[in-house]
Amino acid sequence: MIPSFSVDHRAIVPGIFVSRVDTVGGGQVTTYDIRLKRPNIEPVIDVAAMHSLEHLIATYLRNDPDWQDEVIYWGPMGCLTGFYLILKGNRPSREIYDLILQAFRSVQDAESVPGAAAKNCGYALMHNLPMAKYYAAEFADYLSANGDKAETFDYPQTERLITDDGRSFFDS
């Protein structure tokens with residue numbers, strides 16, 4: 001079972017979580033789960049708004065003078081409940097709180113979606129800036145109100161039973 005499947009998705013709340021840390025070429029990279037919605041409870045993010053948030057936040061991160069050289073990847077989760085951010089190094093999720101909060105707050109100032117032209121984007125017609133602003137404000141407000149809570153930064157874990165012969169037990 002890969003590590004992300006050991007997270008109890010029934011208990012995840014919106015937040016910033018370390019998903020995994022990998023060693024690559026002698027250095028470390030950290031994958032963060034930037035979770036905007038409670039899985040299987042809240043409706044997922046609208047696809048066009050998710051696409052716009054991908055463009056807006058990626059542009060912000062890759063232009064932030066303190067972080068631009070650390071950013072490897074920003075992209076949506078297939079389940080449409082959040083994003084993955086991959087950064088060079090190994091920092092606890094609390095250390096990127098201000099970066100993520102400011103990135104989502106920056107969406108409110110956007111007058112257009114960067115790279116939303118057919119020559120720059122694989123599906124330029126699928127953007128929704130007003131809804132991206134809505135989701136960004138909702139998440140930023142949530143982070144502001146919950147930045148002092150452990151569950152905003154620490155994954156809930158699912159423990160699997162191990163059989164006597166060392167195999168992981170899964171019920172239906």
# chains A, B, ... in the order shown; residues from 1 in each chain; ligands from 1

$ residues_around --residues "range 94-110 of chain A" --least-positions-apart "6" --cutoff "9 Å" --atoms "only C-alpha atoms" --output "PyMOL selection string"
chain A and resi 16-17+34+53+56-58+60-61+64+67+129+132-137+139-141+143-144+147+152-153

$ closest_residue --among "A:Ala48, A:Ile12, A:Met77, A:Ala150" --to "Tyr123 in chain A" --atoms "only C-alpha atoms"
A:Ala48

$ residues_around --residues "Ile41 in chain A" --least-positions-apart "6" --cutoff "12 Å" --atoms "only C-alpha atoms" --output "ChimeraX atom specification"
/A:9-14,81

$ write_last_selection --atoms "C-alpha atoms" --output "short mmCIF file (atom, residue, chain, number, x, y, z; two decimals), in the first residue's frame"
data_model
loop_
_atom_site.label_atom_id
_atom_site.label_comp_id
_atom_site.auth_asym_id
_atom_site.auth_seq_id
_atom_site.Cartn_x
_atom_site.Cartn_y
_atom_site.Cartn_z
CA HIS A 9 -9.61 10.20 4.01
CA ARG A 10 -12.77 10.14 6.11
CA ALA A 11 -11.02 12.33 8.70
CA ILE A 12 -9.07 14.75 6.48
CA VAL A 13 -9.99 18.40 6.86
CA PRO A 14 -8.78 21.22 4.63
CA THR A 81 -10.36 18.10 -3.54
#

$ atom_distance --atom1 "CA of Val21 in chain A" --atom2 "CA of Ser52 in chain A"
27.4 Å

$ residues_around --residues "Cys79 in chain A" --least-positions-apart "2" --cutoff "10 Å" --atoms "only C-alpha atoms" --output "list in words"
Pro39, Asn40, Val44, Ile45, Pro76, Met77, Thr81, Gly82 and Phe83 of chain A

$ write_last_selection --atoms "N, CA, C and O atoms" --output "compact mmCIF listing (two decimals), in the first residue's frame"
# COMPACT_ATOMS: atom_id res chain seq x y z
N PRO A 39 -12.64 15.21 1.71
CA PRO A 39 -12.95 14.13 0.77
C PRO A 39 -14.22 13.37 1.15
O PRO A 39 -14.47 13.10 2.32
N ASN A 40 -15.00 13.07 0.14
CA ASN A 40 -16.20 12.26 0.28
C ASN A 40 -17.28 12.90 1.14
O ASN A 40 -18.29 12.26 1.45
N VAL A 44 -16.70 18.44 -4.63
CA VAL A 44 -15.36 18.73 -5.14
C VAL A 44 -15.33 20.10 -5.80
O VAL A 44 -16.37 20.72 -6.04
N ILE A 45 -14.14 20.56 -6.12
CA ILE A 45 -13.95 21.85 -6.77
C ILE A 45 -14.36 21.74 -8.24
O ILE A 45 -14.01 20.77 -8.92
N PRO A 76 -3.27 19.82 -9.78
CA PRO A 76 -4.49 19.35 -9.11
C PRO A 76 -4.47 17.86 -8.80
O PRO A 76 -3.84 17.07 -9.50
N MET A 77 -5.19 17.50 -7.75
CA MET A 77 -5.43 16.09 -7.43
C MET A 77 -6.51 15.57 -8.37
O MET A 77 -7.45 16.31 -8.69
N THR A 81 -10.18 17.55 -4.88
CA THR A 81 -10.36 18.10 -3.54
C THR A 81 -9.18 18.97 -3.11
O THR A 81 -9.20 19.54 -2.03
N GLY A 82 -8.15 19.05 -3.95
CA GLY A 82 -6.98 19.85 -3.60
C GLY A 82 -5.89 19.76 -4.64
O GLY A 82 -6.13 19.35 -5.78
N PHE A 83 -4.69 20.16 -4.22
CA PHE A 83 -3.53 20.23 -5.11
C PHE A 83 -2.33 19.56 -4.47
O PHE A 83 -2.26 19.41 -3.26

$ closest_residue --among "A:Leu80, A:Leu36, A:Val24, A:Val7" --to "Glu138 in chain A" --atoms "only C-alpha atoms"
A:Leu36

$ select_by_dssp --residues "chain A" --states "strand (DSSP E or B)" --output "VMD selection string"
chain A and resid 7 15 to 24 27 to 35 71 to 76 82 to 88 157 162 168

$ closest_residue --among "A:Val29, A:His55, A:Tyr155, A:Arg20" --to "Asn120 in chain A" --atoms "only C-alpha atoms"
A:His55
